[in-house]
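Everything below belongs to upload07.tsv, which stores TSV, C-alpha atoms.
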chain	number	residue	atom	x	y	z
A	1	MET	CA	23.47	68.50	21.87
A	2	THR	CA	24.65	67.16	25.21
A	3	TYR	CA	27.63	68.03	27.36
A	4	LEU	CA	28.72	64.45	26.84
A	5	ARG	CA	28.90	64.84	23.06
A	6	ASP	CA	30.98	68.01	23.34
A	7	GLU	CA	33.29	66.40	25.87
A	8	ILE	CA	33.78	63.31	23.71
A	9	ALA	CA	34.62	65.52	20.72
A	10	SER	CA	37.12	67.57	22.74
A	11	GLN	CA	39.31	64.61	23.64
A	12	PRO	CA	42.01	65.08	20.97
A	13	SER	CA	42.70	68.68	22.04
A	14	VAL	CA	42.50	67.80	25.73
A	15	TRP	CA	44.92	64.91	25.25
A	16	GLU	CA	47.40	67.31	23.66
A	17	ARG	CA	47.27	69.43	26.80
A	18	ALA	CA	47.63	66.36	29.02
A	19	LEU	CA	50.85	65.47	27.20
A	20	GLU	CA	52.26	68.85	28.26
A	21	VAL	CA	51.58	68.33	31.99
A	22	SER	CA	54.59	67.65	34.20
A	23	ALA	CA	54.82	64.09	35.51
A	24	ASP	CA	57.30	64.98	38.27
A	25	ALA	CA	54.83	64.31	41.10
A	26	LEU	CA	53.79	60.91	39.71
A	27	PRO	CA	55.31	57.63	40.93
A	28	ALA	CA	58.98	57.22	40.10
A	29	ALA	CA	60.45	54.15	38.44
A	30	GLY	CA	61.22	51.47	41.00
A	31	GLU	CA	58.52	52.45	43.48
A	32	ARG	CA	55.94	49.90	44.56
A	33	VAL	CA	52.64	51.62	43.84
A	34	ALA	CA	48.95	51.20	44.65
A	35	VAL	CA	46.51	52.99	42.36
A	36	ILE	CA	43.01	53.66	43.65
A	37	GLY	CA	39.80	55.07	42.24
A	38	CYS	CA	36.07	54.48	41.96
A	39	GLY	CA	34.02	53.63	38.89
A	40	THR	CA	35.67	54.97	35.75
A	41	SER	CA	38.74	56.08	37.71
A	42	TYR	CA	39.19	52.55	39.04
A	43	TYR	CA	39.17	51.19	35.50
A	44	MET	CA	41.80	53.73	34.44
A	45	ALA	CA	43.78	52.60	37.49
A	46	GLN	CA	43.60	49.03	36.20
A	47	ALA	CA	44.94	50.09	32.81
A	48	TYR	CA	47.78	52.16	34.25
A	49	ALA	CA	48.80	49.51	36.77
A	50	ALA	CA	49.20	46.89	34.06
A	51	LEU	CA	51.07	49.28	31.76
A	52	ARG	CA	53.42	50.54	34.47
A	53	GLU	CA	54.40	47.08	35.62
A	54	ALA	CA	54.81	45.81	32.05
A	55	ALA	CA	57.08	48.78	31.31
A	56	GLY	CA	59.38	47.68	34.14
A	57	HIS	CA	58.68	50.64	36.42
A	58	GLY	CA	57.82	48.50	39.43
A	59	GLU	CA	55.08	46.43	41.03
A	60	THR	CA	51.78	48.21	40.62
A	61	ASP	CA	48.37	47.20	41.98
A	62	ALA	CA	44.97	48.72	41.24
A	63	PHE	CA	42.17	48.76	43.79
A	64	ALA	CA	38.67	50.08	44.09
A	65	ALA	CA	39.24	52.74	46.74
A	66	SER	CA	36.86	51.02	49.17
A	67	GLU	CA	39.00	47.86	48.98
A	68	PHE	CA	42.45	49.42	49.40
A	69	PRO	CA	44.51	47.25	51.82
A	70	ALA	CA	45.93	49.97	54.04
A	71	SER	CA	48.20	47.54	55.90
A	72	ARG	CA	50.05	46.44	52.76
A	73	ARG	CA	53.46	47.97	52.10
A	74	TYR	CA	53.70	50.47	49.24
A	75	ASP	CA	56.06	53.31	48.41
A	76	ARG	CA	53.34	55.46	46.86
A	77	VAL	CA	49.57	55.62	46.57
A	78	LEU	CA	48.17	57.22	43.44
A	79	ALA	CA	44.53	58.32	43.63
A	80	LEU	CA	42.45	59.11	40.54
A	81	THR	CA	39.39	61.25	41.20
A	82	ARG	CA	37.66	63.63	38.80
A	83	SER	CA	35.65	65.43	41.46
A	84	GLY	CA	38.15	65.37	44.32
A	85	THR	CA	35.27	64.65	46.70
A	86	THR	CA	34.62	60.89	46.42
A	87	THR	CA	34.14	59.50	49.91
A	88	GLU	CA	35.97	56.20	49.45
A	89	VAL	CA	39.06	57.85	47.94
A	90	LEU	CA	39.31	60.38	50.74
A	91	ALA	CA	38.85	57.65	53.36
A	92	ALA	CA	41.54	55.45	51.81
A	93	LEU	CA	44.07	58.28	51.88
A	94	ALA	CA	43.14	59.17	55.45
A	95	ASN	CA	43.80	55.58	56.53
A	96	THR	CA	47.33	55.23	55.18
A	97	ALA	CA	50.68	56.79	56.03
A	98	VAL	CA	52.07	55.97	52.58
A	99	PRO	CA	53.04	59.08	50.57
A	100	SER	CA	50.27	59.89	48.11
A	101	VAL	CA	49.57	61.81	44.93
A	102	ALA	CA	46.18	62.52	43.40
A	103	VAL	CA	45.23	63.25	39.80
A	104	THR	CA	42.04	65.34	39.76
A	105	ALA	CA	40.08	67.79	37.65
A	106	ASP	CA	39.25	69.99	40.62
A	107	PRO	CA	42.07	70.74	43.06
A	108	ALA	CA	39.90	73.17	45.05
A	109	THR	CA	38.33	70.22	46.86
A	110	PRO	CA	39.13	68.00	49.86
A	111	ILE	CA	41.52	65.87	47.77
A	112	SER	CA	44.15	68.61	47.99
A	113	SER	CA	44.27	68.22	51.75
A	114	ALA	CA	44.01	64.43	51.70
A	115	ALA	CA	46.88	63.81	49.26
A	116	ASP	CA	50.49	64.85	49.72
A	117	ALA	CA	50.70	66.08	46.13
A	118	VAL	CA	48.16	66.90	43.43
A	119	VAL	CA	48.34	66.84	39.66
A	120	ALA	CA	45.50	69.04	38.38
A	121	LEU	CA	43.88	68.49	34.99
A	122	GLU	CA	41.38	71.33	35.28
A	123	PHE	CA	41.19	71.66	31.50
A	124	ALA	CA	39.76	68.12	31.36
A	125	ASP	CA	36.92	68.69	33.83
A	126	GLU	CA	33.40	67.83	32.70
A	127	LYS	CA	29.80	68.87	33.17
A	128	SER	CA	28.29	65.52	32.21
A	129	VAL	CA	27.83	62.94	34.93
A	130	VAL	CA	29.06	60.32	32.44
A	131	GLN	CA	32.84	60.62	32.51
A	132	THR	CA	34.94	60.56	29.33
A	133	ARG	CA	37.65	63.13	28.72
A	134	PHE	CA	38.98	63.43	32.27
A	135	ALA	CA	39.53	59.68	32.50
A	136	THR	CA	41.17	59.34	29.10
A	137	SER	CA	43.32	62.45	29.65
A	138	ALA	CA	44.51	61.10	32.99
A	139	LEU	CA	45.43	57.83	31.29
A	140	VAL	CA	47.27	59.68	28.51
A	141	LEU	CA	49.29	61.52	31.16
A	142	LEU	CA	50.01	58.29	33.03
A	143	ARG	CA	50.97	56.40	29.88
A	144	ALA	CA	53.39	59.17	28.92
A	145	SER	CA	54.88	59.05	32.42
A	146	VAL	CA	56.03	55.46	31.88
A	147	GLY	CA	57.72	56.28	28.62
A	148	GLU	CA	55.06	55.72	25.97
A	149	ARG	CA	55.33	57.96	22.91
A	150	LEU	CA	51.85	59.27	22.25
A	151	ALA	CA	52.37	62.31	20.04
A	152	GLY	CA	50.21	60.80	17.28
A	153	LEU	CA	47.37	59.79	19.57
A	154	PRO	CA	45.31	63.03	19.36
A	155	ALA	CA	45.34	62.90	15.55
A	156	ALA	CA	44.21	59.27	15.62
A	157	ALA	CA	41.30	60.22	17.89
A	158	THR	CA	40.39	63.09	15.57
A	159	GLU	CA	40.20	60.63	12.68
A	160	GLU	CA	37.99	58.32	14.71
A	161	LEU	CA	35.59	61.14	15.55
A	162	ALA	CA	35.07	61.73	11.83
A	163	THR	CA	34.43	58.05	11.03
A	164	PRO	CA	30.77	56.97	10.65
A	165	LEU	CA	29.58	54.45	13.21
A	166	PRO	CA	28.37	51.13	11.75
A	167	SER	CA	24.78	50.08	12.28
A	168	GLU	CA	25.93	46.81	13.90
A	169	LEU	CA	27.18	48.85	16.87
A	170	LEU	CA	24.26	51.26	17.08
A	171	ASP	CA	21.45	48.71	16.70
A	172	ALA	CA	22.80	45.98	18.97
A	173	GLU	CA	20.71	44.64	21.82
A	174	GLN	CA	23.74	43.68	23.91
A	175	TRP	CA	27.47	44.53	24.06
A	176	THR	CA	30.33	42.52	25.57
A	177	PHE	CA	33.79	44.09	25.85
A	178	LEU	CA	37.01	42.08	26.05
A	179	GLY	CA	40.57	43.02	26.93
A	180	THR	CA	43.97	41.60	27.81
A	181	GLY	CA	46.65	43.14	30.00
A	182	TRP	CA	46.11	46.88	30.29
A	183	THR	CA	43.10	46.86	27.96
A	184	ILE	CA	40.92	45.01	30.46
A	185	GLY	CA	40.55	48.41	32.15
A	186	LEU	CA	39.31	49.86	28.86
A	187	ALA	CA	36.90	46.96	28.39
A	188	ASN	CA	35.48	47.47	31.87
A	189	GLU	CA	35.16	51.20	31.24
A	190	ALA	CA	33.42	50.75	27.87
A	191	ALA	CA	30.88	48.42	29.46
A	192	LEU	CA	30.25	51.00	32.18
A	193	LYS	CA	29.78	53.81	29.64
A	194	LEU	CA	27.09	51.95	27.71
A	195	ARG	CA	25.44	50.85	30.94
A	196	GLU	CA	25.37	54.35	32.44
A	197	ALA	CA	24.36	56.29	29.35
A	198	THR	CA	21.93	53.87	27.71
A	199	GLN	CA	20.70	51.55	30.51
A	200	SER	CA	21.92	48.64	28.37
A	201	TRP	CA	22.92	45.08	29.12
A	202	THR	CA	26.71	45.16	28.91
A	203	GLU	CA	29.44	42.86	30.17
A	204	SER	CA	33.24	42.84	30.20
A	205	TYR	CA	35.82	40.09	30.59
A	206	TYR	CA	39.43	39.14	30.11
A	207	ALA	CA	39.51	37.92	26.52
A	208	MET	CA	40.75	34.43	27.36
A	209	GLU	CA	38.15	34.07	30.13
A	210	TYR	CA	35.32	34.87	27.74
A	211	ARG	CA	35.38	31.33	26.37
A	212	HIS	CA	34.80	29.93	29.86
A	213	GLY	CA	31.06	30.52	29.93
A	214	PRO	CA	30.22	34.07	28.85
A	215	ILE	CA	30.45	33.26	25.15
A	216	SER	CA	27.15	31.45	25.65
A	217	ILE	CA	25.30	34.78	25.33
A	218	ALA	CA	26.86	35.66	21.94
A	219	ALA	CA	24.20	35.70	19.22
A	220	PRO	CA	23.05	37.63	16.15
A	221	GLY	CA	22.23	41.22	16.99
A	222	ARG	CA	24.85	41.33	19.76
A	223	VAL	CA	28.37	42.76	19.80
A	224	VAL	CA	31.66	41.36	21.07
A	225	TRP	CA	34.13	44.26	21.15
A	226	VAL	CA	37.83	43.44	21.53
A	227	PHE	CA	40.32	46.02	22.84
A	228	GLY	CA	43.81	45.26	21.59
A	229	THR	CA	44.82	42.01	19.91
A	230	ALA	CA	42.32	39.16	20.06
A	231	PRO	CA	43.65	35.78	21.25
A	232	ALA	CA	44.20	33.24	18.50
A	233	GLY	CA	40.98	31.61	17.34
A	234	LEU	CA	38.65	33.81	19.36
A	235	VAL	CA	37.36	35.94	16.50
A	236	ASP	CA	36.38	32.93	14.39
A	237	GLU	CA	34.73	31.29	17.38
A	238	VAL	CA	32.63	34.37	18.12
A	239	ARG	CA	31.70	34.92	14.49
A	240	ARG	CA	30.28	31.41	14.35
A	241	THR	CA	27.71	32.52	16.93
A	242	GLY	CA	26.44	35.24	14.59
A	243	ALA	CA	27.56	38.07	16.86
A	244	HIS	CA	29.31	41.10	15.39
A	245	VAL	CA	33.01	41.25	16.33
A	246	GLU	CA	34.40	44.77	16.68
A	247	LEU	CA	38.16	45.02	16.14
A	248	PHE	CA	40.47	48.04	15.89
A	249	ASP	CA	44.03	48.05	14.56
A	250	GLY	CA	45.11	51.31	16.19
A	251	ASP	CA	45.66	52.39	19.76
A	252	PRO	CA	43.03	50.81	22.04
A	253	LEU	CA	42.33	54.17	23.69
A	254	VAL	CA	41.00	55.41	20.35
A	255	SER	CA	38.69	52.40	20.30
A	256	LEU	CA	37.39	53.57	23.68
A	257	VAL	CA	36.53	56.92	22.05
A	258	ARG	CA	34.43	54.95	19.57
A	259	ALA	CA	32.65	53.27	22.47
A	260	HIS	CA	31.98	56.73	23.93
A	261	ARG	CA	30.40	57.76	20.65
A	262	VAL	CA	28.22	54.66	20.56
A	263	ALA	CA	27.03	55.35	24.10
A	264	ASP	CA	26.06	58.90	23.20
A	265	ALA	CA	24.32	57.91	19.95
A	266	VAL	CA	22.36	55.05	21.50
A	267	ALA	CA	21.29	57.26	24.40
A	268	GLU	CA	19.98	59.85	21.95
A	269	ALA	CA	18.13	57.20	19.93
A	270	ARG	CA	16.44	55.96	23.11
A	271	GLY	CA	15.47	59.44	24.29
A	272	LEU	CA	17.80	59.29	27.31
A	273	ASP	CA	19.86	62.11	28.80
A	274	PRO	CA	23.43	60.83	29.27
A	275	ASP	CA	24.36	64.01	31.14
A	276	ARG	CA	22.00	62.94	33.94
A	277	PRO	CA	21.83	59.13	34.03
A	278	ARG	CA	19.23	57.42	36.16
A	279	ASN	CA	20.23	57.06	39.83
A	280	LEU	CA	23.67	58.67	39.36
A	281	ASP	CA	25.41	61.84	40.55
A	282	ARG	CA	28.66	63.39	39.41
A	283	SER	CA	30.39	62.34	42.63
A	284	VAL	CA	29.48	59.71	45.20
A	285	ILE	CA	29.55	61.35	48.62
A	286	LEU	CA	28.39	59.08	51.41
A	287	GLY	CA	26.75	60.45	54.52

Before anything else, please render the file you have as structure tokens.
Amino acid sequence: MTYLRDEIASQPSVWERALEVSADALPAAGERVAVIGCGTSYYMAQAYAALREAAGHGETDAFAASEFPASRRYDRVLALTRSGTTTEVLAALANTAVPSVAVTADPATPISSAADAVVALEFADEKSVVQTRFATSALVLLRASVGERLAGLPAAATEELATPLPSELLDAEQWTFLGTGWTIGLANEAALKLREATQSWTESYYAMEYRHGPISIAAPGRVVWVFGTAPAGLVDEVRRTGAHVELFDGDPLVSLVRAHRVADAVAEARGLDPDRPRNLDRSVILG
């Protein structure tokens, strides 16, 4: 057993706790917001930014923390950081006078001094380098903060965890993940999970952009995984290539849990340790 497997399995119960966390410190409706993060946290920022703006809560932009435009006008900066120590996140907050709030798993870190307010999800912290439950729990909290009703989401994830994984997903030589709107963040994150944990060739794209070149790599033995609703005609077009198309009718975040499970299973089959991926540390701290 790995820490990663335990942390994947714990997501339903951790999501339930995230739904009980106060959202009072999070951006208010009407504020113009920048959301920053690195790696997985950046991809959750992408998902939240699209959801918040679509829900009518105000203009919302997502940035990799290293690319945050400090001179641009915002009412609030929201930083997502599991460790609370990531260099680029701390630097971005130090270089802006905009009021800020951070969502973190470890408030006893420099992020508590760098941000004006902190929302702590200590119950979602992780031992594995490969991040799963903190990111998804943060997104559950953020989705609830913009009015989404997610009471049934933990049960749906529990059902997914008990569902056997098909061989087409486990035996693939390549995975491409597609999304639209807020699910592009999930597609990017799924590609990162497989890449980190299994050293695999993975890609991710906006679903409509996939036709503009990347579909050329679709072939038998490869997977095209769609988060959310597939654009009209895309599924048939991909199936003609012989690639397996992975679709899910439920909440796309539950589909991300399935991607987590695939990453863990493929890593085990290849004799890899997803808790300590090659060339990676739990937090990127630059000298």

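The environment of Thr81 (chain A) within 6 Å, counting all atoms listed in the file and disregarding residues fewer than 2 places along the same chain, consists of A:Ser83, A:Gly84, A:Thr104.
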
A straight line from CA of Ala102 (chain A) to CA of Ala190 (chain A) spans 23.3 Å

I'd like the contact shell of Ser100 (chain A) - 9 Å cut-off, all atoms listed in the file, skipping same-chain residues fewer than 5 positions apart - returned as a PyMOL selection string.
chain A and resi 75-79+93+114-118

From the set A:Ser255, A:Ser112, A:Thr2, A:Thr40, which residue has the shortest atom-to-atom contact distance to Lys193 (chain A), counting all atoms listed in the file?
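Using all atoms listed in the file, the shortest distance to Lys193 (chain A) belongs to A:Thr40.
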
So that I can check the surroundings of Ala105 (chain A), please list as a list in words every protein, DNA and RNA residue that reaches within 12 Å of it, counting only C-alpha atoms and ignoring chain neighbours fewer than 6 positions away.
Ala18, Ser41, Leu80, Thr81, Arg82, Ser83, Gly84, Thr85, Ile111, Ser112, Val118, Val119, Ala120, Leu121, Glu122, Phe123, Ala124, Asp125, Glu126, Lys127, Gln131, Arg133, Phe134, Ala135, Ser137 and Ala138 of chain A

A:Leu169, A:Val101, A:Ile184, A:Ala9 ranked by distance to Ser204 (chain A), top pick (using all atoms listed in the file)
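Nearest to Ser204 (chain A): A:Ile184.
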
Interatomic distance, CA of Thr229 (chain A) to CA of Arg5 (chain A) (Å, one decimal):
28.0 Å

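Within the 7 Å cut-off around region 46-63 of chain A, using all atoms listed in the file and omitting residues fewer than 6 positions from it on the same chain, the listed residues are Ala29, Gly30, Glu31, Arg32, Val33, Ala34, Val35, Ile36, Gly37, Leu139, Leu142, Arg143, Val146, Gly181, Trp182, Thr183, Ile184, Gly185 and Leu186 of chain A.
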